[in-house]
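So this one's input04.csv, CSV, C-alpha atoms:
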```csv
chain,number,residue,atom,x,y,z
V,369,MET,CA,37.4,-23.4,15.5
V,370,PRO,CA,35.3,-20.4,14.5
V,371,GLY,CA,33.7,-18.3,17.1
V,372,LEU,CA,30.1,-17.0,17.2
V,373,ASP,CA,31.2,-13.7,15.7
V,374,ASP,CA,32.4,-15.6,12.6
V,375,TYR,CA,28.9,-16.6,11.6
V,376,ALA,CA,27.1,-14.0,9.6
V,377,PRO,CA,23.3,-13.6,10.2
V,378,ALA,CA,21.1,-15.2,7.5
V,379,VAL,CA,20.3,-12.8,4.7
V,380,ARG,CA,16.5,-12.2,4.5
V,381,LYS,CA,14.5,-11.6,1.4
V,382,VAL,CA,12.8,-8.2,0.9
V,383,MET,CA,9.1,-7.5,1.0
V,384,THR,CA,8.2,-4.1,-0.4
V,385,LEU,CA,5.1,-2.2,0.7
V,386,PHE,CA,3.9,0.2,-2.0
V,387,TYR,CA,1.7,3.2,-1.2
V,388,VAL,CA,0.1,4.6,-4.3
V,389,ILE,CA,-1.5,7.9,-3.3
V,390,ASP,CA,-3.9,10.2,-5.1
V,391,THR,CA,-2.7,13.7,-4.5
V,392,SER,CA,-5.2,15.5,-6.9
V,393,GLY,CA,-6.9,18.7,-5.9
V,394,SER,CA,-9.9,16.9,-4.4
V,395,MET,CA,-7.7,15.3,-1.8
V,396,GLN,CA,-6.8,18.7,-0.3
V,397,GLY,CA,-7.4,19.3,3.3
V,398,SER,CA,-8.1,16.6,5.9
V,399,LYS,CA,-8.0,13.7,3.4
V,400,ILE,CA,-4.3,14.2,2.4
V,401,GLY,CA,-3.5,15.4,6.0
V,402,GLN,CA,-4.7,12.1,7.4
V,403,VAL,CA,-2.7,10.2,4.8
V,404,GLU,CA,0.4,12.1,5.9
V,405,SER,CA,-0.2,11.6,9.6
V,406,ALA,CA,-0.9,7.9,9.2
V,407,LEU,CA,2.2,7.2,7.2
V,408,GLU,CA,4.3,9.1,9.8
V,409,GLU,CA,2.7,7.2,12.7
V,410,VAL,CA,2.9,3.7,11.3
V,411,MET,CA,6.6,3.6,10.2
V,412,GLN,CA,7.9,2.7,13.7
V,413,THR,CA,5.5,-0.2,13.9
V,414,LEU,CA,6.6,-1.4,10.4
V,415,GLN,CA,10.2,-1.2,11.4
V,416,GLU,CA,9.5,-3.3,14.5
V,417,ILE,CA,7.8,-5.9,12.4
V,418,SER,CA,10.7,-6.0,10.0
V,419,ASP,CA,13.3,-6.3,12.8
V,420,GLU,CA,11.4,-9.2,14.4
V,421,SER,CA,10.8,-11.2,11.1
V,422,ASP,CA,13.2,-14.0,10.4
V,423,ASP,CA,11.9,-14.3,6.9
V,424,ALA,CA,11.8,-10.8,5.4
V,425,GLU,CA,13.0,-7.3,5.6
V,426,ILE,CA,10.3,-4.8,5.0
V,427,LYS,CA,10.9,-1.8,2.7
V,428,ILE,CA,8.7,1.1,1.7
V,429,ALA,CA,8.0,2.7,-1.7
V,430,VAL,CA,5.7,5.7,-2.1
V,431,LEU,CA,4.2,6.9,-5.4
V,432,GLU,CA,2.0,9.9,-5.7
V,433,PHE,CA,-0.2,10.7,-8.7
V,434,SER,CA,-2.1,13.8,-9.7
V,435,THR,CA,-1.2,15.5,-13.0
V,436,GLY,CA,1.3,12.8,-13.8
V,437,ALA,CA,3.0,10.5,-11.3
V,438,SER,CA,6.3,10.7,-9.4
V,439,TRP,CA,8.1,8.6,-6.7
V,440,VAL,CA,8.4,10.1,-3.3
V,441,THR,CA,11.0,7.4,-2.6
V,442,PRO,CA,13.6,7.2,-5.5
V,443,GLU,CA,14.1,3.6,-4.3
V,444,PRO,CA,12.6,1.4,-1.6
V,445,VAL,CA,13.7,2.4,1.9
V,446,SER,CA,13.4,0.9,5.3
V,447,PRO,CA,10.5,2.2,7.4
V,448,GLU,CA,12.8,4.0,9.7
V,449,GLY,CA,14.6,5.5,6.7
V,450,TYR,CA,11.3,7.0,5.3
V,451,ARG,CA,11.4,10.8,5.5
V,452,PHE,CA,8.1,12.5,6.2
V,453,LYS,CA,6.5,13.9,3.1
V,454,SER,CA,4.1,16.9,3.1
V,455,PHE,CA,2.0,16.2,0.0
V,456,GLU,CA,0.6,19.1,-2.1
V,457,ALA,CA,-2.8,18.2,-3.3
V,458,CYS,CA,-3.5,19.7,-6.7
V,459,GLY,CA,-4.1,18.8,-10.3
V,460,VAL,CA,-6.1,16.0,-11.8
V,461,THR,CA,-6.1,12.2,-11.3
V,462,ASP,CA,-3.8,10.5,-13.7
V,463,LEU,CA,-4.1,6.9,-12.6
V,464,GLY,CA,-2.8,5.7,-16.0
V,465,ALA,CA,0.5,7.5,-15.2
V,466,ALA,CA,0.7,5.7,-11.9
V,467,CYS,CA,0.1,2.4,-13.5
V,468,LYS,CA,3.0,3.1,-16.0
V,469,GLU,CA,5.3,3.9,-13.1
V,470,LEU,CA,4.4,0.8,-11.2
V,471,ASP,CA,4.9,-1.4,-14.2
V,472,LYS,CA,8.4,0.1,-14.7
V,473,LYS,CA,9.5,-0.4,-11.1
V,474,LEU,CA,7.9,-3.8,-10.4
V,475,SER,CA,11.0,-5.6,-11.7
V,476,ARG,CA,14.1,-7.3,-10.5
V,477,ASN,CA,16.1,-4.7,-12.4
V,478,GLU,CA,14.4,-1.9,-10.5
V,479,PHE,CA,12.7,-1.7,-7.1
V,480,LEU,CA,12.7,-5.5,-6.5
V,481,LYS,CA,16.4,-5.9,-7.1
V,482,THR,CA,17.9,-7.5,-4.0
V,483,SER,CA,20.8,-9.8,-3.5
V,484,ALA,CA,18.7,-12.1,-1.4
V,485,GLY,CA,15.6,-12.1,-3.5
V,486,ALA,CA,12.2,-10.6,-3.1
V,487,TYR,CA,8.8,-11.7,-1.9
V,488,PRO,CA,5.6,-10.6,-3.8
V,489,PRO,CA,4.9,-7.0,-2.8
V,490,VAL,CA,1.9,-5.4,-1.1
V,491,ILE,CA,0.3,-2.5,-3.0
V,492,LEU,CA,-2.1,-0.1,-1.3
V,493,LEU,CA,-4.0,2.3,-3.6
V,494,PHE,CA,-5.8,5.4,-2.3
V,495,SER,CA,-8.1,7.6,-4.4
V,496,ASP,CA,-11.1,9.9,-3.9
V,497,GLY,CA,-12.1,10.3,-7.6
V,498,GLY,CA,-12.0,8.8,-11.0
V,499,PRO,CA,-9.1,8.7,-13.6
V,500,THR,CA,-8.7,11.7,-15.8
V,501,ASP,CA,-6.1,10.2,-18.3
V,502,ASN,CA,-6.0,7.2,-20.5
V,503,TRP,CA,-5.8,4.6,-17.8
V,504,ILE,CA,-7.2,1.5,-19.4
V,505,SER,CA,-4.3,0.5,-21.6
V,506,PRO,CA,-1.6,1.2,-18.9
V,507,LEU,CA,-3.6,-0.8,-16.3
V,508,ASN,CA,-4.0,-3.7,-18.7
V,509,THR,CA,-0.2,-3.7,-19.3
V,510,LEU,CA,0.4,-3.6,-15.6
V,511,LYS,CA,-1.8,-6.6,-15.1
V,512,GLU,CA,0.5,-8.6,-17.3
V,513,ASN,CA,3.4,-7.8,-14.9
V,514,ASN,CA,4.1,-11.0,-13.0
V,515,TRP,CA,5.0,-9.2,-9.8
V,516,PHE,CA,1.7,-7.3,-10.0
V,517,LYS,CA,-0.2,-10.5,-10.5
V,518,ARG,CA,1.4,-12.1,-7.4
V,519,SER,CA,1.0,-9.0,-5.2
V,520,ILE,CA,-1.4,-8.4,-2.4
V,521,LYS,CA,-3.6,-5.4,-3.5
V,522,ILE,CA,-6.1,-3.4,-1.5
V,523,ALA,CA,-7.7,-0.2,-2.8
V,524,PHE,CA,-9.3,2.5,-0.6
V,525,ALA,CA,-12.3,4.5,-2.0
V,526,ILE,CA,-12.2,7.8,-0.1
V,527,GLY,CA,-15.6,9.5,0.0
V,528,ASP,CA,-18.6,9.2,-2.3
V,529,ASP,CA,-16.9,10.4,-5.5
V,530,ALA,CA,-14.3,7.6,-5.7
V,531,ASP,CA,-14.8,5.3,-8.7
V,532,ARG,CA,-15.1,2.0,-6.9
V,533,ASP,CA,-15.4,0.0,-10.2
V,534,VAL,CA,-12.0,1.4,-11.4
V,535,LEU,CA,-10.4,0.7,-8.1
V,536,ALA,CA,-11.7,-2.9,-8.3
V,537,ARG,CA,-10.2,-3.4,-11.7
V,538,PHE,CA,-6.9,-2.4,-10.1
V,539,SER,CA,-7.1,-4.5,-7.0
V,540,GLY,CA,-8.7,-7.5,-8.7
V,541,SER,CA,-12.1,-7.6,-6.9
V,542,ILE,CA,-14.8,-5.3,-5.5
V,543,GLU,CA,-14.2,-7.1,-2.2
V,544,THR,CA,-10.7,-5.7,-2.1
V,545,VAL,CA,-12.0,-2.1,-2.3
V,546,LEU,CA,-12.7,-0.6,1.1
V,547,ASP,CA,-15.0,2.4,1.5
V,548,VAL,CA,-13.6,5.3,3.6
V,549,ARG,CA,-16.3,7.7,4.9
V,550,ASN,CA,-14.5,10.0,7.4
V,551,LYS,CA,-11.0,11.2,8.4
V,552,ASP,CA,-10.8,9.0,11.5
V,553,GLN,CA,-11.5,5.9,9.4
V,554,LEU,CA,-9.0,6.9,6.8
V,555,ARG,CA,-6.1,7.2,9.3
V,556,LEU,CA,-7.0,4.0,11.0
V,557,MET,CA,-7.4,2.0,7.8
V,558,ILE,CA,-4.0,3.1,6.6
V,559,GLU,CA,-2.4,2.0,9.9
V,560,LYS,CA,-4.3,-1.3,10.0
V,561,ALA,CA,-3.7,-2.2,6.4
V,562,SER,CA,0.0,-1.4,6.6
V,563,VAL,CA,0.4,-3.7,9.6
V,564,ILE,CA,-1.9,-6.5,8.7
V,565,THR,CA,-0.6,-6.9,5.1
V,566,SER,CA,3.1,-6.5,6.1
V,567,VAL,CA,2.8,-9.2,8.9
V,568,PHE,CA,1.2,-11.6,6.4
V,569,ALA,CA,3.5,-10.9,3.4
V,570,SER,CA,6.7,-10.9,5.4
V,571,HIS,CA,6.4,-14.6,6.4
V,572,SER,CA,7.5,-17.1,3.8
V,573,SER,CA,5.2,-19.9,5.0
V,574,THR,CA,2.2,-17.8,3.9
V,575,VAL,CA,3.6,-16.0,0.9
V,576,ASP,CA,4.9,-19.2,-0.7
V,577,SER,CA,1.5,-20.9,-0.6
V,578,ASN,CA,-0.4,-21.6,-3.9
V,579,THR,CA,-3.4,-19.5,-2.8
V,580,ASP,CA,-4.8,-17.0,-5.3
V,581,PRO,CA,-3.4,-13.6,-4.4
V,582,VAL,CA,-6.8,-12.0,-4.9
V,583,GLU,CA,-8.3,-14.4,-2.4
V,584,ILE,CA,-5.6,-13.5,0.1
V,585,SER,CA,-6.3,-9.8,-0.5
V,586,LYS,CA,-10.0,-10.3,0.1
V,587,GLN,CA,-9.3,-11.9,3.5
V,588,LEU,CA,-6.8,-9.2,4.5
V,589,ALA,CA,-9.2,-6.5,3.3
V,590,GLU,CA,-11.9,-8.0,5.5
V,591,ASP,CA,-9.5,-8.1,8.5
V,592,VAL,CA,-8.6,-4.4,7.9
V,593,GLN,CA,-12.3,-3.4,7.8
V,594,THR,CA,-13.1,-5.4,10.9
V,595,GLN,CA,-10.2,-4.1,13.0
V,596,THR,CA,-10.9,-0.5,11.9
V,597,SER,CA,-14.6,-0.8,12.8
V,598,GLU,CA,-13.7,-2.2,16.2
V,599,ALA,CA,-11.2,0.6,16.9
V,600,LEU,CA,-13.7,3.3,15.8
V,601,SER,CA,-16.4,1.8,18.0
V,602,ASP,CA,-14.1,1.6,21.0
V,603,ALA,CA,-13.0,5.2,20.5
V,604,ASN,CA,-16.6,6.4,20.1
V,605,THR,CA,-15.7,8.3,16.9
V,606,ALA,CA,-17.8,9.2,13.9
V,607,ASP,CA,-20.2,6.6,12.4
V,608,TRP,CA,-19.0,4.7,9.3
V,609,ASP,CA,-21.6,6.5,7.2
V,610,ASP,CA,-20.8,10.0,8.3
V,611,ALA,CA,-19.0,12.0,5.7
V,612,ASP,CA,-16.7,14.0,8.0
V,613,TRP,CA,-13.9,15.7,6.1
```
Represent the structure of the file as structure tokens.
Amino acid sequence: MPGLDDYAPAVRKVMTLFYVIDTSGSMQGSKIGQVESALEEVMQTLQEISDESDDAEIKIAVLEFSTGASWVTPEPVSPEGYRFKSFEACGVTDLGAACKELDKKLSRNEFLKTSAGAYPPVILLFSDGGPTDNWISPLNTLKENNWFKRSIKIAFAIGDDADRDVLARFSGSIETVLDVRNKDQLRLMIEKASVITSVFASHSSTVDSNTDPVEISKQLAEDVQTQTSEALSDANTADWDDADW
């Protein structure tokens, strides 16, 4: 009769959380610094969520774009396996290049290749400006990618110069674009968005529903904004409308 040690644990599907980060010259200073700090701080929490989930293992993929786009993570890694990256903010804002890279990697032959299968990913996009390359055609191609269609997407418009209309075309709705007005808000929004979306997307009972992914993204974006606002209020930090960079 087999013992307890003879039973292998159930293999979980993988849910990949994509961070798509604008590292153009305008992000230099506290903007990119807060992104770095937030990513470093949230990884332990994401690993705990992954460890406690019976449905999904969480992995992380980080893409930076400025003059061109490149993967910080050559392949998705566990949160505890993510190595802190010090970003160099310089160059222009090639969103089209980022869309091309996403389209290539959102595939079962690439970043979503797992033996147990994959859940629809979460994609968080951060930018403080407007595209400087030919972005329309690459974005339209990306929108035909079935994994992108099914993904949860939230975009973060950092500061007054961010092109919210472009970000909305990426995320699917203006309601899934969150305004970021100061450095405290940016750090908290990254943390809240990472946790809220990962908890939701790593549970099969919610991911496998027939609900429109854009509608899901709208609700999660609202939750991120609400929790961030409450945290800022409790901490007596800068007002939402103060441009503190």
Quick one: residues within 8 Å of Arg380 (chain V), all atoms listed in the file, excluding same-chain residues fewer than 2 positions away - as a count of residues only? 7
Contact residues around region 464-468 of chain V with only C-alpha atoms at 8 Å, ignoring same-chain residues under 4 positions, as a compact mmCIF listing (two decimals) with C-alpha atoms, in the coordinates of the input:
```txt
# COMPACT_ATOMS: atom_id res chain seq x y z
CA VAL V 388 0.10 4.60 -4.30
CA LEU V 431 4.20 6.90 -5.40
CA GLU V 432 2.00 9.90 -5.70
CA PHE V 433 -0.20 10.70 -8.70
CA GLY V 436 1.30 12.80 -13.80
CA ALA V 437 3.00 10.50 -11.30
CA SER V 438 6.30 10.70 -9.40
CA LYS V 472 8.40 0.10 -14.70
CA PRO V 499 -9.10 8.70 -13.60
CA ASP V 501 -6.10 10.20 -18.30
CA ASN V 502 -6.00 7.20 -20.50
CA TRP V 503 -5.80 4.60 -17.80
CA ILE V 504 -7.20 1.50 -19.40
CA SER V 505 -4.30 0.50 -21.60
CA PRO V 506 -1.60 1.20 -18.90
CA LEU V 507 -3.60 -0.80 -16.30
CA LEU V 510 0.40 -3.60 -15.60
```
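Among the candidate residues V:Asn578, V:Gln595, V:Ser562, V:Ser519, the one lying nearest to Ala486 (chain V) is V:Ser519, with distances computed using all atoms listed in the file.
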Would you mind reading off the distance between CA of Gly397 (chain V) and CA of Met411 (chain V), one decimal, in Å?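 Interatomic distance, CA of Gly397 (chain V) to CA of Met411 (chain V): 22.1 Å.
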Identify which of the residues V:Met395, V:Ala406, V:Ile526, V:Val490 lies closest to Cys458 (chain V), counting only C-alpha atoms when measuring atom-to-atom distances.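 That would be V:Met395, the residue with the smallest distance to Cys458 (chain V).
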Report the distance between CA of Ser475 (chain V) and CA of Asn513 (chain V) in Å, rounded to one decimal place.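 Pair CA of Ser475 (chain V) / CA of Asn513 (chain V) returns 8.5 Å.
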Given the point (-2.6, -0.9, 11.1) in the coordinates of this file, which residues lie within 12 Å, counting all atoms listed in the file, and how would they look as a PDB file with C-alpha atoms, keeping the file's coordinate frame?
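Result written to point_25.pdb:
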```pdb
ATOM      1  CA  ALA V 406      -0.900   7.900   9.200  1.00  0.00           C
ATOM      2  CA  LEU V 407       2.200   7.200   7.200  1.00  0.00           C
ATOM      3  CA  GLU V 409       2.700   7.200  12.700  1.00  0.00           C
ATOM      4  CA  VAL V 410       2.900   3.700  11.300  1.00  0.00           C
ATOM      5  CA  MET V 411       6.600   3.600  10.200  1.00  0.00           C
ATOM      6  CA  GLN V 412       7.900   2.700  13.700  1.00  0.00           C
ATOM      7  CA  THR V 413       5.500  -0.200  13.900  1.00  0.00           C
ATOM      8  CA  LEU V 414       6.600  -1.400  10.400  1.00  0.00           C
ATOM      9  CA  ILE V 417       7.800  -5.900  12.400  1.00  0.00           C
ATOM     10  CA  GLN V 553     -11.500   5.900   9.400  1.00  0.00           C
ATOM     11  CA  LEU V 554      -9.000   6.900   6.800  1.00  0.00           C
ATOM     12  CA  ARG V 555      -6.100   7.200   9.300  1.00  0.00           C
ATOM     13  CA  LEU V 556      -7.000   4.000  11.000  1.00  0.00           C
ATOM     14  CA  MET V 557      -7.400   2.000   7.800  1.00  0.00           C
ATOM     15  CA  ILE V 558      -4.000   3.100   6.600  1.00  0.00           C
ATOM     16  CA  GLU V 559      -2.400   2.000   9.900  1.00  0.00           C
ATOM     17  CA  LYS V 560      -4.300  -1.300  10.000  1.00  0.00           C
ATOM     18  CA  ALA V 561      -3.700  -2.200   6.400  1.00  0.00           C
ATOM     19  CA  SER V 562       0.000  -1.400   6.600  1.00  0.00           C
ATOM     20  CA  VAL V 563       0.400  -3.700   9.600  1.00  0.00           C
ATOM     21  CA  ILE V 564      -1.900  -6.500   8.700  1.00  0.00           C
ATOM     22  CA  THR V 565      -0.600  -6.900   5.100  1.00  0.00           C
ATOM     23  CA  SER V 566       3.100  -6.500   6.100  1.00  0.00           C
ATOM     24  CA  VAL V 567       2.800  -9.200   8.900  1.00  0.00           C
ATOM     25  CA  LEU V 588      -6.800  -9.200   4.500  1.00  0.00           C
ATOM     26  CA  ALA V 589      -9.200  -6.500   3.300  1.00  0.00           C
ATOM     27  CA  ASP V 591      -9.500  -8.100   8.500  1.00  0.00           C
ATOM     28  CA  VAL V 592      -8.600  -4.400   7.900  1.00  0.00           C
ATOM     29  CA  GLN V 593     -12.300  -3.400   7.800  1.00  0.00           C
ATOM     30  CA  THR V 594     -13.100  -5.400  10.900  1.00  0.00           C
ATOM     31  CA  GLN V 595     -10.200  -4.100  13.000  1.00  0.00           C
ATOM     32  CA  THR V 596     -10.900  -0.500  11.900  1.00  0.00           C
ATOM     33  CA  ALA V 599     -11.200   0.600  16.900  1.00  0.00           C
TER      34      ALA V 599
END
```
Could you tell me how far CA of Phe386 (chain V) sits from CA of Leu470 (chain V), in Å to one decimal place? 9.2 Å
For Asp529 (chain V), which residue out of V:Ser601, V:Ser394, V:Ala429, V:Gly459 is the nearest one, using only C-alpha atoms? V:Ser394
Show which residues sit within 12 Å of Pro488 (chain V), as a count of residues only. Count only C-alpha atoms, and ignore same-chain residues fewer than 5 positions away. 34
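When only C-alpha atoms are used to measure the gap to Leu493 (chain V), the shortest distance among V:Ser454, V:Thr391, V:Gln402, V:Ser446 belongs to V:Thr391.
Candidate residues V:Glu512, V:Asp552, V:Asp547, V:Glu416 were compared for distance to Asp533 (chain V), and the nearest is V:Asp547, using all atoms listed in the file.
Nearest residue to Val430 (chain V) among V:Asp462, V:Asp580, V:Glu456, V:Glu469 is V:Glu469, counting only C-alpha atoms.
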